Amino acid sequence: MATDPWRRWAAFAALFNPAVDPVGPFRRPPGAFGPFFDAEQFASAARAFHQSGEDPQTAAAAFGDFLRDQFGGLLGGIWGGSGPCGEATAAEEAPALGPAREQQERLQRAAAAARRLAQAQRRLQRLWSDALGEAARAFVSRLDAPAAPPTPEAVHALYDAWIECAEAAYARMAHGEAFGAALADALKASTDWREESAASIEAWAKWLDWPTRSEINSLSLRLRALEEQQRERKREREPPVRAGAKKRTAAVKKRRGRGKR
Amino acid sequence: MSAGLYAALSAARHCAPGCSEKDEVWRSGKMRLYRYRSISPTSGAVPLLIVYALVNRPYMMDLEPDRSLIRGLLSHGLDVYLIDWGYPDGADRFTTLENYLEDLLAGCVEEILKARGLDALNLLGVCQGGVFSLCFAALHPERVRNLITMVTPVDFHTSADLLSKWARKIDVDAWVGQANVSGEVLNQLFLALMPFRLSQQKYVDLLRGAPDRARIENFMRVERWIYDSPDQAGAAFREFVVWFYQQNRLVRGGLVIGGRSVELRTLELPILNLMGTRDHLVPPAASAALRGLTRSSDFTTLELDLGHIGMYVSARAQRQVPPAIAEWLAAR
């Protein structure tokens with residue numbers, strides 16, 4: 001088995017996080033590099049499928065379920081998130097009164113943006129889950145009847161087939177209207193949240209007499225205006241096209257005209 | 001074996017990209033213009049200025065000795081210049097496309113022409129840099145002798161263009177606001193175009209066969225490049241997304257930069273358009289559209305069975321791309 005690349009792979013994956021046994025199903029240990037761990041888990045699941053002894057349909061369904069679980073969290077960042085996304089809370093809708101009303105409204109708008117972000121992320125996750133389901137079904141339909149033990153080449157081929165099915169299903173979903181709209185909503189909500197949060201911090205900065213982003217932007221724009229004036233004066237002094245260049249351009253045009261085909 | 005691979009990856013983690021000697025010949029703000037030192041007798045030809053994209057870093061053009069488009073061009077006797085746009089920071093948030101084109105790119109061109117006593121040079125635009133090169137050539141036809149576009153999007157509304165489909169739905173004004181756009185967020189979007197291949201399979205593929213040291217070092221250099229994503233100057237990013245991705249102005253018209261109309265149909269110069277048939281970022285149809293939009297009577301298309309990144313760093317690209325460019329330029 002020393003020549004089995006998937007065994008080598010398992011040992012290799014363990015090097016990234018030697019303190020943790022990487023065999024636990026559907027669990028990525030902290031510190032493990034995702035693709036290495038996922039691939040090792042895939043190899044284990046492929047072996048389990050081939051050696052399960054169950055009827056082919058049950059074994060294939062179990063393999064498909066594993067894939068949906070294992071790759072459910074592949075997309076992180078803007079696509080992930082698990083914040084509250086239900087109805088607005090009473091605090092979000094409380095009327096803003098008194099000296100702190102501006103600050104309260106900013107916080108309410110930030111909370112609403114965070115909720116919209118979570119809602120958009122849920123939509124993305126549902127679509128992602130649907131795509132994974134479609135990919136798993138397509139993959140399972142390609143599986144031959146279990147036969148023990150699988151060769152390393154067979155496991156490689158299975159892995160490639162899974163990636164192919166997954167990318168195809170994902171592409172169909174990602175090209176669709178619903179995914180694009182959910183992505184746009186997630187970006188917009190995260191931007192709104194950032195803007196409101198920045199405004200709250202800026203209010204504190206003003207109170208403490210610290211420089212703010214608005215001030216820096218204002219100075220930057222003034223500087224740009226001065227630079228533009230300087231460039232304009234330079235352009236007035238130096239016409240952009242030199243006489244020699246004009247002559248050459250005419251010569252080039254004449255030459256190209258002769259060479260037209 | 002596994003420990004050996006781990007150790008090899010660990011040893012390669014500091015591999016620096018870049019292999020060809022170069023000299024800084026001009027700078028403006030964070031931008032640097034480099035001229036590469038010749039490695040073979042030069043043909044005394046017109047200089048070739050490489051205009052790279054704002055996203056990611058230009059060292060991909062000169063990654064390592066056997067994976068270097070620039071080295072390939074130098075070996076064919078070309079006189080190569082490269083623009084490094086640098087890493088924009090908060091002070092660059094109001095930098096516009098006009099600034100990039102009319103101040104920085106135009107400044108580089110003028111600097112080279114002044115130093116060489118020439119009136120025009122050759123431009124090689126890569127990806128977004130190809131869009132810049134097209135715009136520059138349309139605005140300053142007297143300054144560009146021959147134009148090469150590589151994996152350059154022209155029609156941003158082709159059916160296979162997933163990035164464009166997403167970009168068209170995004171409220172880019174709200175997204176940018178008055179800030180820069182995070183390179184990390186953009187990277188998430190790029191990786192999400194093919195998440196299983198780009199964030200899973202490529203690592204698993206490392207274990208196939210027995211990767212030698214050169215392959216591991218190449219992998220680590222490419223890995224470094226992929227995640228070395230500069231933030232984007234907010235104003236320029238907004239203009240690029242709205243004008244090109246959303247409004248498709250190179251095809252539909254109406255593109256105005258610095259108060260001057262940019263129309264591809266004014267282009268009459270020789271054009272070589274290189275595209276990858278497996279490009280997931282710039283679908284070949286998006287590049288191929290250029291042919292029907294210019295008045296060039298000397299238009300060459302070169303389709304290669306490569307992906308977006310493979311166009312600069314694959315072994316096949318090293319064999320095919322530099323000679324193709326050098327021969328095409330030599331004939332003009």
# chains A, B, ... in the order shown; residues from 1 in each chain; ligands from 1
>>> residues_around(residues="segment 59-65 of chain A", least_positions_apart="2", cutoff="7 Å", atoms="only C-alpha atoms", output="number ranges by chain")
A: 45, 49, 52, 54-57, 67-69, 136-137, 140
>>> residues_around(residues="Glu195 of chain A", least_positions_apart="6", cutoff="12 Å", atoms="only C-alpha atoms", output="short mmCIF file (atom, residue, chain, number, x, y, z; two decimals) with C-alpha atoms, in the first residue's frame")
data_model
loop_
_atom_site.label_atom_id
_atom_site.label_comp_id
_atom_site.auth_asym_id
_atom_site.auth_seq_id
_atom_site.Cartn_x
_atom_site.Cartn_y
_atom_site.Cartn_z
CA ARG A 106 -27.35 54.66 12.12
CA LEU A 107 -27.29 51.60 14.37
CA ARG A 109 -29.74 50.93 9.55
CA ALA A 110 -26.59 48.88 10.24
CA ALA A 111 -28.67 46.17 11.93
CA ALA A 113 -28.19 45.81 6.55
CA ALA A 114 -26.70 42.94 8.56
CA LYS A 188 -25.11 45.69 -1.46
CA ALA A 189 -26.07 44.76 2.11
CA ILE A 201 -17.17 55.53 14.05
CA GLU A 202 -16.68 58.84 12.29
CA ARG A 213 -12.06 59.74 6.37
CA ALA B 174 -22.89 51.56 -3.71
CA TRP B 175 -20.18 48.92 -3.59
CA VAL B 176 -17.36 51.35 -4.25
CA GLY B 177 -18.74 54.42 -2.52
CA GLN B 178 -15.70 56.62 -2.00
CA ALA B 179 -13.39 53.76 -1.13
#
>>> residues_around(residues="segment 109-119 of chain B", least_positions_apart="2", cutoff="7 Å", atoms="only C-alpha atoms", output="short mmCIF file (atom, residue, chain, number, x, y, z; two decimals) with C-alpha atoms, in the first residue's frame")
data_model
loop_
_atom_site.label_atom_id
_atom_site.label_comp_id
_atom_site.auth_asym_id
_atom_site.auth_seq_id
_atom_site.Cartn_x
_atom_site.Cartn_y
_atom_site.Cartn_z
CA ALA A 245 4.76 62.37 -35.36
CA LEU B 105 0.21 54.94 -19.63
CA ALA B 106 0.67 58.01 -21.81
CA GLY B 107 3.53 59.11 -19.56
CA ARG B 143 1.89 56.72 -30.81
#
>>> interface_residues(of="chain B", to="chain A", cutoff="8 Å", atoms="only C-alpha atoms", output="NGL selection string")
:B and (1-3 or 5-6 or 91 or 94 or 119-120 or 142-143 or 162 or 165-166 or 169-171 or 174-175 or 185 or 188 or 192-197 or 199-201 or 203-204 or 207-208 or 297-298)
>>> write_last_selection(atoms="N, CA and C atoms", output="short mmCIF file (atom, residue, chain, number, x, y, z; two decimals), in the first residue's frame")
data_model
loop_
_atom_site.label_atom_id
_atom_site.label_comp_id
_atom_site.auth_asym_id
_atom_site.auth_seq_id
_atom_site.Cartn_x
_atom_site.Cartn_y
_atom_site.Cartn_z
N MET B 1 7.45 9.88 1.51
CA MET B 1 7.05 10.63 0.31
C MET B 1 6.18 11.83 0.67
N SER B 2 5.17 11.59 1.54
CA SER B 2 4.28 12.69 1.92
C SER B 2 5.05 13.76 2.67
N ALA B 3 5.89 13.27 3.62
CA ALA B 3 6.70 14.23 4.37
C ALA B 3 7.64 14.95 3.42
N LEU B 5 7.06 15.72 0.28
CA LEU B 5 6.31 16.75 -0.44
C LEU B 5 6.05 17.95 0.46
N TYR B 6 5.68 17.65 1.69
CA TYR B 6 5.44 18.73 2.65
C TYR B 6 6.69 19.58 2.81
N ALA B 91 -4.98 56.68 -0.65
CA ALA B 91 -4.73 57.96 -1.30
C ALA B 91 -5.06 57.91 -2.80
N PHE B 94 -9.45 58.11 -5.66
CA PHE B 94 -10.12 58.93 -6.68
C PHE B 94 -9.42 58.85 -8.04
N ASP B 119 8.74 58.01 -32.69
CA ASP B 119 7.40 58.60 -32.69
C ASP B 119 6.34 57.61 -32.25
N ALA B 120 6.63 56.33 -32.35
CA ALA B 120 5.61 55.32 -32.02
C ALA B 120 6.29 54.05 -31.53
N GLU B 142 -1.19 57.91 -33.31
CA GLU B 142 0.14 58.25 -33.82
C GLU B 142 1.25 57.68 -32.94
N ARG B 143 0.88 57.22 -31.75
CA ARG B 143 1.89 56.72 -30.81
C ARG B 143 2.04 55.20 -30.85
N LEU B 162 -19.37 34.59 -17.15
CA LEU B 162 -20.04 34.54 -15.85
C LEU B 162 -19.75 35.80 -15.03
N LYS B 165 -21.98 38.49 -16.07
CA LYS B 165 -23.37 38.31 -15.61
C LYS B 165 -23.54 38.78 -14.17
N TRP B 166 -22.56 38.46 -13.35
CA TRP B 166 -22.62 38.92 -11.96
C TRP B 166 -22.46 40.44 -11.91
N LYS B 169 -25.38 42.82 -12.40
CA LYS B 169 -26.43 42.92 -11.37
C LYS B 169 -25.99 43.73 -10.15
N ILE B 170 -24.72 44.01 -10.10
CA ILE B 170 -24.18 44.65 -8.89
C ILE B 170 -24.36 46.16 -8.94
N ASP B 171 -24.76 46.73 -7.81
CA ASP B 171 -24.83 48.19 -7.68
C ASP B 171 -23.42 48.68 -7.36
N ALA B 174 -22.78 51.81 -5.15
CA ALA B 174 -22.89 51.56 -3.71
C ALA B 174 -21.69 50.76 -3.21
N TRP B 175 -21.28 49.80 -4.01
CA TRP B 175 -20.18 48.92 -3.59
C TRP B 175 -18.90 49.73 -3.39
N VAL B 185 -11.63 40.58 -1.81
CA VAL B 185 -13.02 40.31 -2.22
C VAL B 185 -13.07 39.97 -3.70
N GLN B 188 -12.08 36.48 -4.19
CA GLN B 188 -13.17 35.54 -3.87
C GLN B 188 -14.09 35.36 -5.07
N ALA B 192 -14.62 31.99 -7.25
CA ALA B 192 -15.99 31.45 -7.29
C ALA B 192 -16.45 31.17 -8.72
N LEU B 193 -15.67 31.56 -9.70
CA LEU B 193 -16.05 31.24 -11.08
C LEU B 193 -15.95 29.74 -11.32
N MET B 194 -14.98 29.10 -10.70
CA MET B 194 -14.83 27.63 -10.80
C MET B 194 -14.31 27.12 -9.46
N PRO B 195 -15.15 27.11 -8.45
CA PRO B 195 -14.64 26.89 -7.09
C PRO B 195 -14.03 25.53 -6.84
N PHE B 196 -14.56 24.50 -7.49
CA PHE B 196 -14.04 23.16 -7.22
C PHE B 196 -12.66 22.96 -7.86
N ARG B 197 -12.52 23.47 -9.05
CA ARG B 197 -11.22 23.31 -9.71
C ARG B 197 -10.16 24.22 -9.08
N SER B 199 -10.14 25.84 -6.09
CA SER B 199 -9.82 25.81 -4.66
C SER B 199 -9.75 24.39 -4.10
N GLN B 200 -9.88 23.39 -4.96
CA GLN B 200 -9.77 22.02 -4.49
C GLN B 200 -8.82 21.20 -5.38
N GLN B 201 -9.27 21.02 -6.63
CA GLN B 201 -8.59 20.05 -7.50
C GLN B 201 -7.13 20.40 -7.74
N TYR B 203 -4.93 21.57 -5.88
CA TYR B 203 -4.07 21.10 -4.79
C TYR B 203 -3.94 19.58 -4.82
N VAL B 204 -5.07 18.93 -5.08
CA VAL B 204 -5.05 17.47 -5.15
C VAL B 204 -4.14 17.00 -6.28
N LEU B 207 -0.43 15.82 -5.96
CA LEU B 207 0.01 14.48 -5.56
C LEU B 207 0.07 13.49 -6.71
N ARG B 208 -0.35 13.92 -7.88
CA ARG B 208 -0.33 12.99 -9.01
C ARG B 208 1.09 12.90 -9.54
N SER B 297 -6.78 46.54 -41.58
CA SER B 297 -6.74 45.62 -42.72
C SER B 297 -5.65 44.57 -42.50
N ASP B 298 -4.99 44.66 -41.36
CA ASP B 298 -3.92 43.72 -41.04
C ASP B 298 -4.22 43.14 -39.66
#
>>> closest_residue(among="B:His280, B:Arg57, B:Arg93, B:Arg291", to="Leu264 of chain B", atoms="only C-alpha atoms")
B:Arg291
>>> closest_residue(among="A:Glu134, A:Pro146, A:Arg115, A:Gly98", to="His50 of chain A", atoms="only C-alpha atoms")
A:Pro146
>>> atom_distance(atom1="atom CA of Leu143 of chain A", atom2="atom CA of Ser44 of chain A")
15.8 Å
>>> select_by_dssp(residues="segment 18-231 of chain A", states="alpha helix (DSSP H)", output="PyMOL selection string")
chain A and resi 34-51+56-70+90-93+101-142+152-174+177-207+213-231
>>> residues_around(residues="segment 74-87 of chain B", least_positions_apart="4", cutoff="9 Å", atoms="only C-alpha atoms", output="count of residues only")
45
>>> select_by_dssp(residues="segment 150-312 of chain B", states="strand (DSSP E)", output="PyMOL selection string")
chain B and resi 150+256-257+260-261+271-276+299-304
>>> residues_around(residues="Ala317 of chain B", least_positions_apart="3", cutoff="9 Å", atoms="only C-alpha atoms", output="list in words")
Arg67, Leu69, Leu304, Leu306, Gly310, Met311, Tyr312, Val313, Ser314, Gln320, Val321 and Pro322 of chain B
>>> write_last_selection(atoms="N, CA and C atoms", output="PDB file, in the first residue's frame")
ATOM      1  N   ARG B  67       9.402  29.713 -17.442  1.00  0.00           N
ATOM      2  CA  ARG B  67       7.998  30.135 -17.547  1.00  0.00           C
ATOM      3  C   ARG B  67       7.952  31.664 -17.557  1.00  0.00           C
ATOM      4  N   LEU B  69       7.146  34.775 -20.238  1.00  0.00           N
ATOM      5  CA  LEU B  69       6.820  35.344 -21.546  1.00  0.00           C
ATOM      6  C   LEU B  69       7.857  36.411 -21.910  1.00  0.00           C
ATOM      7  N   LEU B 304      -5.207  29.768 -28.997  1.00  0.00           N
ATOM      8  CA  LEU B 304      -4.395  28.693 -28.432  1.00  0.00           C
ATOM      9  C   LEU B 304      -5.243  27.897 -27.454  1.00  0.00           C
ATOM     10  N   LEU B 306      -5.472  27.031 -24.511  1.00  0.00           N
ATOM     11  CA  LEU B 306      -4.931  27.351 -23.188  1.00  0.00           C
ATOM     12  C   LEU B 306      -5.974  28.088 -22.371  1.00  0.00           C
ATOM     13  N   GLY B 310      -2.671  30.015 -18.184  1.00  0.00           N
ATOM     14  CA  GLY B 310      -1.795  29.196 -19.019  1.00  0.00           C
ATOM     15  C   GLY B 310      -1.226  29.984 -20.183  1.00  0.00           C
ATOM     16  N   MET B 311      -1.909  31.043 -20.578  1.00  0.00           N
ATOM     17  CA  MET B 311      -1.441  31.840 -21.706  1.00  0.00           C
ATOM     18  C   MET B 311      -0.086  32.484 -21.418  1.00  0.00           C
ATOM     19  N   TYR B 312       0.228  32.713 -20.143  1.00  0.00           N
ATOM     20  CA  TYR B 312       1.550  33.284 -19.863  1.00  0.00           C
ATOM     21  C   TYR B 312       2.526  32.270 -19.267  1.00  0.00           C
ATOM     22  N   VAL B 313       2.005  31.278 -18.534  1.00  0.00           N
ATOM     23  CA  VAL B 313       2.971  30.446 -17.789  1.00  0.00           C
ATOM     24  C   VAL B 313       3.024  28.979 -18.182  1.00  0.00           C
ATOM     25  N   SER B 314       2.153  28.533 -19.046  1.00  0.00           N
ATOM     26  CA  SER B 314       2.217  27.111 -19.387  1.00  0.00           C
ATOM     27  C   SER B 314       3.430  26.831 -20.275  1.00  0.00           C
ATOM     28  N   GLN B 320       4.975  28.644 -27.867  1.00  0.00           N
ATOM     29  CA  GLN B 320       4.188  29.201 -28.970  1.00  0.00           C
ATOM     30  C   GLN B 320       4.068  30.726 -28.971  1.00  0.00           C
ATOM     31  N   VAL B 321       3.872  31.311 -27.799  1.00  0.00           N
ATOM     32  CA  VAL B 321       3.498  32.734 -27.782  1.00  0.00           C
ATOM     33  C   VAL B 321       4.652  33.671 -28.155  1.00  0.00           C
ATOM     34  N   PRO B 322       5.826  33.580 -27.471  1.00  0.00           N
ATOM     35  CA  PRO B 322       6.891  34.538 -27.838  1.00  0.00           C
ATOM     36  C   PRO B 322       7.287  34.475 -29.310  1.00  0.00           C
TER      37      PRO B 322
END
>>> atom_distance(atom1="atom CA of Glu87 of chain A", atom2="atom CA of Arg123 of chain A")
15.6 Å
>>> residues_around(residues="segment 148-150 of chain B", least_positions_apart="5", cutoff="9 Å", atoms="only C-alpha atoms", output="number ranges by chain")
B: 122-127, 129-131, 133-134, 270-276, 287, 311, 325
>>> residues_around(residues="Gly292 of chain B", least_positions_apart="5", cutoff="10 Å", atoms="only C-alpha atoms", output="PyMOL selection string")
chain B and resi 251+264-265+299
>>> write_last_selection(atoms="N, CA and C atoms", output="compact mmCIF listing (two decimals), in the first residue's frame")
# COMPACT_ATOMS: atom_id res chain seq x y z
N VAL B 251 -18.25 47.85 -27.47
CA VAL B 251 -19.05 47.31 -28.57
C VAL B 251 -20.19 48.27 -28.93
N LEU B 264 -13.39 52.04 -31.38
CA LEU B 264 -12.50 51.02 -31.94
C LEU B 264 -12.46 51.08 -33.46
N ARG B 265 -13.53 51.57 -34.07
CA ARG B 265 -13.54 51.58 -35.54
C ARG B 265 -12.55 52.59 -36.12
N PHE B 299 -5.20 42.28 -39.60
CA PHE B 299 -5.69 41.75 -38.32
C PHE B 299 -5.40 40.25 -38.27
>>> atom_distance(atom1="atom CA of Gly253 of chain B", atom2="atom CA of Ala233 of chain B")
24.3 Å
